[in-house]
file my_file.cif (mmCIF, C-alpha atoms)
data_target
#
loop_
_atom_site.group_PDB
_atom_site.id
_atom_site.type_symbol
_atom_site.label_atom_id
_atom_site.label_comp_id
_atom_site.auth_asym_id
_atom_site.auth_seq_id
_atom_site.Cartn_x
_atom_site.Cartn_y
_atom_site.Cartn_z
ATOM 1 C CA MET J 100 -9.326 -51.917 -46.744
ATOM 2 C CA ASP J 101 -9.562 -48.938 -49.097
ATOM 3 C CA ALA J 102 -9.910 -45.314 -48.005
ATOM 4 C CA ARG J 103 -13.661 -45.396 -48.522
ATOM 5 C CA GLY J 104 -14.070 -48.109 -45.921
ATOM 6 C CA ARG J 105 -11.771 -46.619 -43.284
ATOM 7 C CA LEU J 106 -13.378 -45.617 -39.992
ATOM 8 C CA ARG J 107 -12.539 -41.959 -39.293
ATOM 9 C CA ALA J 108 -12.934 -40.231 -35.945
ATOM 10 C CA ASP J 109 -13.966 -36.927 -37.530
ATOM 11 C CA ASP J 110 -16.824 -38.705 -39.329
ATOM 12 C CA LEU J 111 -18.051 -39.902 -35.926
ATOM 13 C CA LEU J 112 -18.070 -36.297 -34.722
ATOM 14 C CA VAL J 113 -20.194 -35.370 -37.744
ATOM 15 C CA LEU J 114 -22.655 -38.092 -36.740
ATOM 16 C CA LEU J 115 -22.682 -36.690 -33.204
ATOM 17 C CA ALA J 116 -23.663 -33.262 -34.548
ATOM 18 C CA VAL J 117 -26.502 -34.819 -36.571
ATOM 19 C CA ALA J 118 -27.683 -36.786 -33.522
ATOM 20 C CA ARG J 119 -27.892 -33.603 -31.452
ATOM 21 C CA SER J 120 -29.763 -31.541 -34.024
ATOM 22 C CA GLY J 121 -31.672 -34.161 -35.992
ATOM 23 C CA ARG J 122 -30.936 -32.231 -39.198
ATOM 24 C CA TYR J 123 -28.086 -32.195 -41.679
ATOM 25 C CA THR J 124 -28.403 -28.449 -42.245
ATOM 26 C CA THR J 125 -28.228 -27.605 -38.541
ATOM 27 C CA ALA J 126 -25.288 -29.948 -38.045
ATOM 28 C CA ALA J 127 -23.582 -28.390 -41.068
ATOM 29 C CA ASN J 128 -23.965 -24.897 -39.595
ATOM 30 C CA ALA J 129 -22.508 -26.062 -36.286
ATOM 31 C CA LEU J 130 -19.536 -27.628 -38.085
ATOM 32 C CA SER J 131 -19.077 -24.718 -40.538
ATOM 33 C CA VAL J 132 -19.509 -26.963 -43.612
ATOM 34 C CA ASP J 133 -22.340 -27.410 -46.103
ATOM 35 C CA HIS J 134 -25.056 -30.043 -45.752
ATOM 36 C CA THR J 135 -23.782 -32.062 -48.716
ATOM 37 C CA THR J 136 -20.497 -32.530 -46.852
ATOM 38 C CA VAL J 137 -22.410 -33.809 -43.828
ATOM 39 C CA ALA J 138 -24.367 -36.234 -46.003
ATOM 40 C CA ARG J 139 -21.162 -37.452 -47.657
ATOM 41 C CA ARG J 140 -19.420 -37.984 -44.308
ATOM 42 C CA ILE J 141 -22.385 -39.888 -42.884
ATOM 43 C CA ALA J 142 -22.481 -42.099 -45.990
ATOM 44 C CA ALA J 143 -18.744 -42.799 -45.637
ATOM 45 C CA LEU J 144 -19.206 -43.676 -41.972
ATOM 46 C CA GLU J 145 -22.087 -46.035 -42.783
ATOM 47 C CA ASP J 146 -19.913 -47.699 -45.402
ATOM 48 C CA ALA J 147 -17.119 -48.094 -42.840
ATOM 49 C CA VAL J 148 -19.298 -49.680 -40.149
ATOM 50 C CA GLY J 149 -21.372 -51.691 -42.609
ATOM 51 C CA GLY J 150 -24.863 -50.504 -41.724
ATOM 52 C CA ARG J 151 -27.336 -47.642 -41.528
ATOM 53 C CA LEU J 152 -26.675 -45.121 -38.769
ATOM 54 C CA VAL J 153 -29.554 -42.692 -39.361
ATOM 55 C CA ALA J 154 -33.037 -43.037 -40.798
ATOM 56 C CA GLN J 155 -35.252 -40.244 -42.044
ATOM 57 C CA SER J 156 -38.317 -39.521 -39.926
ATOM 58 C CA GLY J 157 -41.122 -37.009 -40.199
ATOM 59 C CA GLY J 158 -39.162 -34.335 -38.349
ATOM 60 C CA GLY J 159 -35.590 -35.036 -39.439
ATOM 61 C CA TRP J 160 -33.002 -37.785 -38.949
ATOM 62 C CA GLU J 161 -33.276 -40.404 -36.224
ATOM 63 C CA LEU J 162 -30.509 -42.715 -35.013
ATOM 64 C CA THR J 163 -30.734 -46.443 -35.648
ATOM 65 C CA ALA J 164 -29.584 -48.926 -33.010
ATOM 66 C CA LEU J 165 -26.178 -49.031 -34.708
ATOM 67 C CA GLY J 166 -26.199 -45.236 -34.856
ATOM 68 C CA ARG J 167 -26.728 -44.992 -31.089
ATOM 69 C CA GLN J 168 -23.695 -47.226 -30.517
ATOM 70 C CA ALA J 169 -21.628 -45.066 -32.860
ATOM 71 C CA VAL J 170 -22.766 -41.858 -31.125
ATOM 72 C CA ASP J 171 -21.734 -43.298 -27.764
ATOM 73 C CA THR J 172 -18.221 -43.745 -29.146
ATOM 74 C CA ALA J 173 -18.335 -40.280 -30.730
ATOM 75 C CA GLY J 174 -19.246 -38.738 -27.396
ATOM 76 C CA ARG J 175 -16.210 -40.286 -25.735
ATOM 77 C CA ILE J 176 -13.984 -39.027 -28.557
ATOM 78 C CA GLU J 177 -15.392 -35.505 -28.227
ATOM 79 C CA SER J 178 -14.911 -35.586 -24.455
ATOM 80 C CA ALA J 179 -11.282 -36.684 -24.826
ATOM 81 C CA LEU J 180 -10.587 -33.968 -27.402
ATOM 82 C CA THR J 181 -12.210 -31.336 -25.189
ATOM 83 C CA GLN J 182 -10.069 -32.360 -22.228
ATOM 84 C CA LEU J 183 -6.926 -32.152 -24.351
ATOM 85 C CA SER J 184 -7.879 -28.727 -25.676
ATOM 86 C CA GLY J 185 -8.194 -27.486 -22.103
ATOM 87 C CA ALA J 186 -4.907 -28.969 -20.895
ATOM 88 C CA GLY J 187 -2.952 -26.525 -18.769
ATOM 89 C CA GLU J 188 -6.054 -24.610 -17.672
ATOM 90 C CA ASP J 189 -9.135 -25.273 -15.599
ATOM 91 C CA HIS J 190 -11.447 -27.247 -17.855
ATOM 92 C CA ASP J 191 -15.226 -27.083 -17.484
ATOM 93 C CA PRO J 192 -17.039 -29.826 -19.447
ATOM 94 C CA ILE J 193 -20.382 -28.080 -18.867
ATOM 95 C CA ALA J 194 -20.130 -25.827 -21.900
ATOM 96 C CA GLY J 195 -21.588 -25.373 -25.363
ATOM 97 C CA VAL J 196 -25.192 -25.081 -26.518
ATOM 98 C CA VAL J 197 -28.091 -27.054 -25.020
ATOM 99 C CA ARG J 198 -31.507 -26.805 -26.660
ATOM 100 C CA MET J 199 -34.717 -27.434 -24.753
ATOM 101 C CA SER J 200 -38.454 -27.017 -25.199
ATOM 102 C CA ALA J 201 -41.051 -26.304 -22.511
ATOM 103 C CA THR J 202 -44.399 -24.618 -21.968
ATOM 104 C CA ASP J 203 -44.570 -20.837 -21.625
ATOM 105 C CA GLY J 204 -45.064 -20.782 -17.861
ATOM 106 C CA PHE J 205 -42.438 -23.415 -17.100
ATOM 107 C CA SER J 206 -39.934 -21.685 -19.387
ATOM 108 C CA ALA J 207 -40.414 -18.325 -17.686
ATOM 109 C CA PHE J 208 -40.634 -19.280 -14.016
ATOM 110 C CA ILE J 209 -38.711 -22.578 -13.744
ATOM 111 C CA ALA J 210 -36.309 -22.933 -16.672
ATOM 112 C CA ALA J 211 -35.137 -19.315 -16.801
ATOM 113 C CA PRO J 212 -33.981 -19.083 -13.156
ATOM 114 C CA ALA J 213 -32.526 -22.601 -13.334
ATOM 115 C CA VAL J 214 -30.440 -21.638 -16.365
ATOM 116 C CA ALA J 215 -29.372 -18.354 -14.760
ATOM 117 C CA ARG J 216 -28.053 -20.149 -11.674
ATOM 118 C CA LEU J 217 -26.341 -22.840 -13.741
ATOM 119 C CA ARG J 218 -24.612 -20.278 -15.934
ATOM 120 C CA ARG J 219 -23.192 -18.464 -12.928
ATOM 121 C CA GLN J 220 -21.207 -21.628 -12.234
ATOM 122 C CA HIS J 221 -20.578 -22.515 -15.879
ATOM 123 C CA PRO J 222 -20.311 -19.323 -17.966
ATOM 124 C CA ARG J 223 -19.384 -21.171 -21.168
ATOM 125 C CA LEU J 224 -22.817 -22.823 -21.192
ATOM 126 C CA SER J 225 -25.505 -21.479 -23.539
ATOM 127 C CA VAL J 226 -29.143 -22.619 -23.374
ATOM 128 C CA GLU J 227 -31.756 -22.138 -26.086
ATOM 129 C CA ILE J 228 -35.404 -22.439 -24.961
ATOM 130 C CA VAL J 229 -38.218 -23.054 -27.457
ATOM 131 C CA THR J 230 -41.637 -22.406 -25.899
ATOM 132 C CA ALA J 231 -44.344 -24.827 -27.002
ATOM 133 C CA THR J 232 -47.349 -26.642 -25.551
ATOM 134 C CA ARG J 233 -47.444 -30.067 -27.190
ATOM 135 C CA ARG J 234 -47.294 -33.771 -26.418
ATOM 136 C CA ALA J 235 -43.999 -35.558 -25.912
ATOM 137 C CA ALA J 236 -42.306 -37.128 -28.920
ATOM 138 C CA ALA J 237 -39.930 -40.082 -28.984
ATOM 139 C CA HIS J 238 -37.676 -38.026 -31.224
ATOM 140 C CA ARG J 239 -37.845 -34.255 -31.627
ATOM 141 C CA PRO J 240 -34.992 -33.166 -33.922
ATOM 142 C CA GLY J 241 -32.881 -30.320 -32.650
ATOM 143 C CA LEU J 242 -33.802 -30.686 -28.958
ATOM 144 C CA ASP J 243 -31.850 -32.180 -26.083
ATOM 145 C CA ILE J 244 -34.586 -31.791 -23.446
ATOM 146 C CA GLU J 245 -38.370 -31.488 -23.605
ATOM 147 C CA VAL J 246 -40.652 -30.542 -20.721
ATOM 148 C CA VAL J 247 -44.295 -31.374 -21.401
ATOM 149 C CA VAL J 248 -47.618 -31.477 -19.581
ATOM 150 C CA GLY J 249 -48.896 -34.996 -18.949
ATOM 151 C CA ALA J 250 -47.200 -38.372 -19.068
ATOM 152 C CA PRO J 251 -45.623 -39.316 -22.430
ATOM 153 C CA GLN J 252 -48.149 -41.146 -24.568
ATOM 154 C CA SER J 253 -45.549 -42.916 -26.678
ATOM 155 C CA ARG J 254 -43.859 -46.016 -25.278
ATOM 156 C CA ARG J 255 -40.689 -44.903 -27.035
ATOM 157 C CA ALA J 256 -40.636 -41.566 -25.190
ATOM 158 C CA GLN J 257 -38.988 -42.136 -21.818
ATOM 159 C CA GLY J 258 -39.047 -39.467 -19.199
ATOM 160 C CA VAL J 259 -39.245 -38.515 -15.568
ATOM 161 C CA GLU J 260 -42.016 -36.693 -13.727
ATOM 162 C CA LEU J 261 -40.707 -33.384 -12.418
ATOM 163 C CA GLY J 262 -43.662 -32.242 -10.340
ATOM 164 C CA ALA J 263 -47.179 -30.880 -10.692
ATOM 165 C CA TYR J 264 -48.893 -27.529 -10.991
ATOM 166 C CA THR J 265 -52.432 -26.350 -10.266
ATOM 167 C CA LEU J 266 -54.932 -24.612 -12.545
ATOM 168 C CA GLY J 267 -57.850 -22.556 -11.303
ATOM 169 C CA MET J 268 -60.574 -20.233 -12.560
ATOM 170 C CA TYR J 269 -59.764 -16.515 -12.446
ATOM 171 C CA ALA J 270 -61.433 -13.218 -13.309
ATOM 172 C CA SER J 271 -60.335 -9.623 -12.968
ATOM 173 C CA ARG J 272 -61.810 -7.447 -10.222
ATOM 174 C CA ASP J 273 -63.162 -5.012 -12.831
ATOM 175 C CA TYR J 274 -64.823 -7.867 -14.709
ATOM 176 C CA LEU J 275 -66.493 -9.156 -11.545
ATOM 177 C CA GLU J 276 -67.755 -5.685 -10.638
ATOM 178 C CA ARG J 277 -69.268 -5.382 -14.095
ATOM 179 C CA GLU J 278 -70.604 -8.925 -14.615
ATOM 180 C CA GLY J 279 -71.110 -10.165 -11.062
ATOM 181 C CA MET J 280 -69.388 -12.812 -8.938
ATOM 182 C CA PRO J 281 -70.342 -16.414 -9.902
ATOM 183 C CA ARG J 282 -71.699 -18.157 -6.820
ATOM 184 C CA ASP J 283 -71.443 -21.704 -8.162
ATOM 185 C CA ALA J 284 -70.328 -23.698 -11.205
ATOM 186 C CA ALA J 285 -73.668 -23.232 -12.966
ATOM 187 C CA GLU J 286 -73.346 -19.441 -12.792
ATOM 188 C CA LEU J 287 -69.689 -19.565 -13.800
ATOM 189 C CA MET J 288 -70.580 -21.476 -16.975
ATOM 190 C CA ARG J 289 -72.684 -18.534 -18.179
ATOM 191 C CA HIS J 290 -69.480 -16.512 -18.650
ATOM 192 C CA PRO J 291 -67.050 -16.659 -21.603
ATOM 193 C CA LEU J 292 -63.917 -18.773 -21.214
ATOM 194 C CA VAL J 293 -60.320 -17.676 -21.806
ATOM 195 C CA TYR J 294 -58.170 -20.710 -22.612
ATOM 196 C CA PHE J 295 -56.319 -22.645 -25.317
ATOM 197 C CA VAL J 296 -57.535 -22.941 -28.909
ATOM 198 C CA ASP J 297 -59.487 -26.187 -28.723
ATOM 199 C CA ALA J 298 -59.119 -27.096 -32.399
ATOM 200 C CA ILE J 299 -55.318 -27.189 -32.263
ATOM 201 C CA LEU J 300 -54.732 -28.263 -28.656
ATOM 202 C CA GLN J 301 -52.288 -31.186 -28.736
ATOM 203 C CA VAL J 302 -52.101 -32.113 -25.063
ATOM 204 C CA ASP J 303 -54.883 -34.387 -23.795
ATOM 205 C CA ALA J 304 -54.211 -33.441 -20.166
ATOM 206 C CA LEU J 305 -55.073 -29.815 -20.963
ATOM 207 C CA ASP J 306 -58.457 -30.656 -22.469
ATOM 208 C CA LEU J 307 -60.103 -29.705 -19.171
ATOM 209 C CA PRO J 308 -63.026 -27.435 -20.156
ATOM 210 C CA ARG J 309 -64.942 -30.281 -21.813
ATOM 211 C CA ARG J 310 -65.039 -32.044 -18.446
ATOM 212 C CA LEU J 311 -65.087 -29.135 -16.012
ATOM 213 C CA VAL J 312 -67.220 -26.483 -17.725
ATOM 214 C CA PRO J 313 -68.793 -28.054 -20.832
ATOM 215 C CA GLU J 314 -71.347 -25.259 -21.222
ATOM 216 C CA MET J 315 -68.845 -22.369 -21.222
ATOM 217 C CA ARG J 316 -68.473 -20.704 -24.598
ATOM 218 C CA ASP J 317 -65.064 -19.573 -25.817
ATOM 219 C CA GLY J 318 -64.453 -15.882 -25.259
ATOM 220 C CA LEU J 319 -60.808 -15.590 -26.242
ATOM 221 C CA SER J 320 -58.486 -18.451 -27.192
ATOM 222 C CA SER J 321 -54.731 -18.496 -27.641
ATOM 223 C CA THR J 322 -51.820 -20.916 -27.797
ATOM 224 C CA ASN J 323 -49.904 -18.787 -25.255
ATOM 225 C CA VAL J 324 -50.629 -18.866 -21.520
ATOM 226 C CA PHE J 325 -49.433 -15.281 -21.038
ATOM 227 C CA VAL J 326 -52.096 -14.169 -23.519
ATOM 228 C CA HIS J 327 -54.629 -16.054 -21.363
ATOM 229 C CA VAL J 328 -53.494 -14.141 -18.297
ATOM 230 C CA GLU J 329 -53.480 -10.706 -19.917
ATOM 231 C CA ALA J 330 -56.838 -11.329 -21.632
ATOM 232 C CA THR J 331 -58.342 -12.314 -18.287
ATOM 233 C CA ARG J 332 -56.895 -9.208 -16.647
ATOM 234 C CA ALA J 333 -58.379 -7.109 -19.468
ATOM 235 C CA GLY J 334 -61.850 -8.553 -18.852
ATOM 236 C CA ALA J 335 -62.215 -10.861 -21.866
ATOM 237 C CA GLY J 336 -63.823 -13.508 -19.690
ATOM 238 C CA ILE J 337 -62.989 -16.051 -17.021
ATOM 239 C CA GLY J 338 -59.579 -17.670 -17.481
ATOM 240 C CA LEU J 339 -58.592 -21.228 -16.644
ATOM 241 C CA LEU J 340 -55.050 -20.325 -15.601
ATOM 242 C CA PRO J 341 -51.986 -21.844 -13.922
ATOM 243 C CA CYS J 342 -52.137 -20.547 -10.352
ATOM 244 C CA PHE J 343 -48.395 -19.911 -10.222
ATOM 245 C CA VAL J 344 -48.777 -17.438 -13.096
ATOM 246 C CA ALA J 345 -52.135 -15.881 -12.215
ATOM 247 C CA ASP J 346 -51.408 -15.366 -8.516
ATOM 248 C CA ARG J 347 -48.662 -12.884 -9.410
ATOM 249 C CA HIS J 348 -51.376 -10.366 -10.324
ATOM 250 C CA ASP J 349 -53.348 -8.710 -7.504
ATOM 251 C CA ASP J 350 -56.094 -7.663 -9.922
ATOM 252 C CA LEU J 351 -57.041 -11.312 -10.529
ATOM 253 C CA VAL J 352 -59.415 -13.167 -8.200
ATOM 254 C CA ARG J 353 -59.533 -16.935 -7.985
ATOM 255 C CA LEU J 354 -63.077 -18.282 -8.276
ATOM 256 C CA LEU J 355 -64.603 -21.328 -6.555
ATOM 257 C CA PRO J 356 -61.245 -22.898 -5.607
ATOM 258 C CA ASP J 357 -62.936 -25.828 -3.861
ATOM 259 C CA GLN J 358 -64.572 -26.871 -7.135
ATOM 260 C CA PHE J 359 -61.887 -25.883 -9.647
ATOM 261 C CA ASP J 360 -58.492 -27.085 -8.483
ATOM 262 C CA GLU J 361 -56.886 -29.172 -11.222
ATOM 263 C CA ARG J 362 -53.372 -30.588 -10.817
ATOM 264 C CA LEU J 363 -51.359 -31.523 -13.898
ATOM 265 C CA PRO J 364 -47.885 -33.078 -14.005
ATOM 266 C CA TYR J 365 -44.758 -31.796 -15.737
ATOM 267 C CA TRP J 366 -42.650 -34.499 -17.393
ATOM 268 C CA MET J 367 -39.095 -34.148 -18.683
ATOM 269 C CA ILE J 368 -37.961 -36.143 -21.713
ATOM 270 C CA VAL J 369 -34.246 -36.360 -22.444
ATOM 271 C CA ARG J 370 -32.772 -38.180 -25.406
ATOM 272 C CA PRO J 371 -30.359 -40.920 -24.208
ATOM 273 C CA GLU J 372 -27.546 -39.739 -26.474
ATOM 274 C CA SER J 373 -27.995 -36.203 -25.169
ATOM 275 C CA LEU J 374 -27.652 -37.299 -21.525
ATOM 276 C CA ARG J 375 -24.102 -38.386 -22.288
ATOM 277 C CA ILE J 376 -23.260 -34.704 -22.791
ATOM 278 C CA PRO J 377 -22.247 -33.149 -19.434
ATOM 279 C CA ALA J 378 -24.017 -29.853 -20.212
ATOM 280 C CA VAL J 379 -27.326 -31.599 -20.947
ATOM 281 C CA ALA J 380 -27.087 -33.735 -17.824
ATOM 282 C CA ALA J 381 -26.322 -30.628 -15.757
ATOM 283 C CA LEU J 382 -29.323 -28.743 -17.145
ATOM 284 C CA ALA J 383 -31.613 -31.744 -16.536
ATOM 285 C CA ASP J 384 -30.460 -31.829 -12.900
ATOM 286 C CA ALA J 385 -30.960 -28.064 -12.571
ATOM 287 C CA LEU J 386 -34.527 -28.305 -13.901
ATOM 288 C CA ARG J 387 -35.333 -31.099 -11.448
ATOM 289 C CA ASP J 388 -33.929 -29.095 -8.533
ATOM 290 C CA GLU J 389 -35.709 -25.886 -9.549
ATOM 291 C CA THR J 390 -39.057 -27.658 -9.959
ATOM 292 C CA ALA J 391 -38.718 -29.295 -6.545
ATOM 293 C CA ALA J 392 -37.816 -25.974 -4.907
ATOM 294 C CA ALA J 393 -40.858 -24.328 -6.525
ATOM 295 C CA ALA J 394 -43.339 -27.037 -5.481
ATOM 296 C CA ALA J 395 -45.404 -24.730 -3.254
ATOM 297 C CA MET J 396 -45.550 -22.017 -5.916
ATOM 298 C CA LEU J 397 -46.583 -24.507 -8.607
ATOM 299 C CA ALA J 398 -49.283 -25.898 -6.330
ATOM 300 C CA GLY J 399 -50.871 -22.456 -6.046
ATOM 301 C CA ARG J 400 -49.804 -21.741 -2.471
ATOM 302 C CA ARG J 401 -48.476 -18.192 -2.425
#
call {"tool": "encode", "arguments": {"input": "my_file.cif", "output": "structure tokens"}}
result
Amino acid sequence: MDARGRLRADDLLVLLAVARSGRYTTAANALSVDHTTVARRIAALEDAVGGRLVAQSGGGWELTALGRQAVDTAGRIESALTQLSGAGEDHDPIAGVVRMSATDGFSAFIAAPAVARLRRQHPRLSVEIVTATRRAAAHRPGLDIEVVVGAPQSRRAQGVELGAYTLGMYASRDYLEREGMPRDAAELMRHPLVYFVDAILQVDALDLPRRLVPEMRDGLSSTNVFVHVEATRAGAGIGLLPCFVADRHDDLVRLLPDQFDERLPYWMIVRPESLRIPAVAALADALRDETAAAAAMLAGRR
């Protein structure tokens, strides 16, 4: 077999970097090489194993079935090298960078404290959180963990339900003094709504106003739940808000809780190849534990 067809361990580690990021450029930055080197090493590895390892998708590079087998081997090689590099000293495998995505509220009140506690035990761990409200994807390049609202709609996106949170209708005390307290749903629907931008809302589970308050007109819309809260506090209208975020503000009053009490589930999606990384598995466990501990808060019980 010539040099071009030889299976090289360092090429497998390049594939592992691509699998984690979904992009050649990101993998190249992590490996301190240029993206053409990454492409060349992946091509050499594909030649050595005799098949395609990655395929281009809309958001980056996705592993083939053969690629997933190769990444499994690469993960064991990386683990062995890491253990050797830490010989003679206490070695902590929960280290390196883990990238996750979650909604604004979950990121702030569940993920942030979970990461803080995990890092106290594992100081070499670094977590990057991208805040986004979107549906789950079978493959989201560059992310190890996604937390989304609603069950995954794709059969290829496997996940676990973490828990549920409650949304309710809220208004500021100043707003209610000025505009009056709605006595029922019909009166509430005469007020402007503070909520997500309907035209670009990606999550079906969050499309609640069409069912709950179809006659409410949009007062202020945003893609960020903290904008919803602050706009409601400022008197822009009545906000449909997560209770665990809104109830932190004494100037907000929950309206008609018997009629407006919507529970939505949080789901966590973890890529199988990422779960083989101890740091990713540890963060996934920490998020599950933190969500369970915060069940009463998420349900809107102070």
call {"tool": "resolve_selection", "arguments": {"input": "my_file.cif", "expression": "the PyMOL selection byres ((chain J and resi 380) around 12)", "output": "ChimeraX atom specification"}}
result
/J:192-194,197,217,243-244,368-379,381-387
call {"tool": "write_last_selection", "arguments": {"input": "my_file.cif", "atoms": "C-alpha atoms", "output": "PDB file, keeping the file's coordinate frame"}}
result
ATOM      1  CA  PRO J 192     -17.039 -29.826 -19.447  1.00  0.00           C
ATOM      2  CA  ILE J 193     -20.382 -28.080 -18.867  1.00  0.00           C
ATOM      3  CA  ALA J 194     -20.130 -25.827 -21.900  1.00  0.00           C
ATOM      4  CA  VAL J 197     -28.091 -27.054 -25.020  1.00  0.00           C
ATOM      5  CA  LEU J 217     -26.341 -22.840 -13.741  1.00  0.00           C
ATOM      6  CA  ASP J 243     -31.850 -32.180 -26.083  1.00  0.00           C
ATOM      7  CA  ILE J 244     -34.586 -31.791 -23.446  1.00  0.00           C
ATOM      8  CA  ILE J 368     -37.961 -36.143 -21.713  1.00  0.00           C
ATOM      9  CA  VAL J 369     -34.246 -36.360 -22.444  1.00  0.00           C
ATOM     10  CA  ARG J 370     -32.772 -38.180 -25.406  1.00  0.00           C
ATOM     11  CA  PRO J 371     -30.359 -40.920 -24.208  1.00  0.00           C
ATOM     12  CA  GLU J 372     -27.546 -39.739 -26.474  1.00  0.00           C
ATOM     13  CA  SER J 373     -27.995 -36.203 -25.169  1.00  0.00           C
ATOM     14  CA  LEU J 374     -27.652 -37.299 -21.525  1.00  0.00           C
ATOM     15  CA  ARG J 375     -24.102 -38.386 -22.288  1.00  0.00           C
ATOM     16  CA  ILE J 376     -23.260 -34.704 -22.791  1.00  0.00           C
ATOM     17  CA  PRO J 377     -22.247 -33.149 -19.434  1.00  0.00           C
ATOM     18  CA  ALA J 378     -24.017 -29.853 -20.212  1.00  0.00           C
ATOM     19  CA  VAL J 379     -27.326 -31.599 -20.947  1.00  0.00           C
ATOM     20  CA  ALA J 381     -26.322 -30.628 -15.757  1.00  0.00           C
ATOM     21  CA  LEU J 382     -29.323 -28.743 -17.145  1.00  0.00           C
ATOM     22  CA  ALA J 383     -31.613 -31.744 -16.536  1.00  0.00           C
ATOM     23  CA  ASP J 384     -30.460 -31.829 -12.900  1.00  0.00           C
ATOM     24  CA  ALA J 385     -30.960 -28.064 -12.571  1.00  0.00           C
ATOM     25  CA  LEU J 386     -34.527 -28.305 -13.901  1.00  0.00           C
ATOM     26  CA  ARG J 387     -35.333 -31.099 -11.448  1.00  0.00           C
TER      27      ARG J 387
END
call {"tool": "residues_near_point", "arguments": {"input": "my_file.cif", "point": "(-67.5, -22.1, -7.1)", "cutoff": "12 Å", "atoms": "all atoms listed in the file", "output": "ChimeraX atom specification"}}
result
/J:267-269,280-288,311-312,353-360
call {"tool": "residues_near_point", "arguments": {"input": "my_file.cif", "point": "(-25.2, -28.1, -41.7)", "cutoff": "12 Å", "atoms": "all atoms listed in the file", "output": "ChimeraX atom specification"}}
result
/J:113-114,116-117,119-140
call {"tool": "residues_around", "arguments": {"input": "my_file.cif", "residues": "Ala164 (chain J)", "least_positions_apart": "6", "cutoff": "9 Å", "atoms": "all atoms listed in the file", "output": "number ranges by chain"}}
result
J: 151-153
call {"tool": "closest_residue", "arguments": {"input": "my_file.cif", "among": "J:Gly204, J:Gly149, J:Gly318, J:Gly334", "to": "Ala231 (chain J)", "atoms": "only C-alpha atoms"}}
result
J:Gly204
call {"tool": "residues_around", "arguments": {"input": "my_file.cif", "residues": "Val247 (chain J)", "least_positions_apart": "4", "cutoff": "9 Å", "atoms": "only C-alpha atoms", "output": "PyMOL selection string"}}
result
chain J and resi 200-202+231-235+251+302+364-368
call {"tool": "atom_distance", "arguments": {"input": "my_file.cif", "atom1": "CA of Val248 (chain J)", "atom2": "CA of Asp346 (chain J)"}}
result
19.9 Å
call {"tool": "residues_around", "arguments": {"input": "my_file.cif", "residues": "Ala391 (chain J)", "least_positions_apart": "5", "cutoff": "12 Å", "atoms": "only C-alpha atoms", "output": "MDAnalysis selection string"}}
result
chainID J and resid 209 213 260:264 365 384:386 396:398
call {"tool": "atom_distance", "arguments": {"input": "my_file.cif", "atom1": "CA of Arg309 (chain J)", "atom2": "CA of Asp297 (chain J)"}}
result
9.7 Å
call {"tool": "residues_around", "arguments": {"input": "my_file.cif", "residues": "Glu227 (chain J)", "least_positions_apart": "2", "cutoff": "9 Å", "atoms": "only C-alpha atoms", "output": "number ranges by chain"}}
result
J: 196-200, 225, 229
call {"tool": "axis_aligned_box", "arguments": {"input": "my_file.cif", "around": "region 378-383 of chain J", "padding_each_side": "3 Å", "output": "JSON"}}
result
{"center_x": -27.8, "center_y": -31.2, "center_z": -18.4, "size_x": 13.6, "size_y": 11.0, "size_z": 11.2}
call {"tool": "closest_residue", "arguments": {"input": "my_file.cif", "among": "J:Glu276, J:Glu177, J:Glu389, J:Asp203", "to": "Val328 (chain J)", "atoms": "only C-alpha atoms"}}
result
J:Asp203
call {"tool": "atom_distance", "arguments": {"input": "my_file.cif", "atom1": "CA of Arg167 (chain J)", "atom2": "CA of Ser206 (chain J)"}}
result
29.2 Å
call {"tool": "residues_around", "arguments": {"input": "my_file.cif", "residues": "region 291-295 of chain J", "least_positions_apart": "4", "cutoff": "7 Å", "atoms": "only C-alpha atoms", "output": "VMD selection string"}}
result
chain J and resid 300 315 to 322 327 331 336 to 339
call {"tool": "resolve_selection", "arguments": {"input": "my_file.cif", "expression": "the PyMOL selection byres ((chain J and resi 174) around 9)", "output": "ChimeraX atom specification"}}
result
/J:111-112,115,169-173,175-179,372,375-376
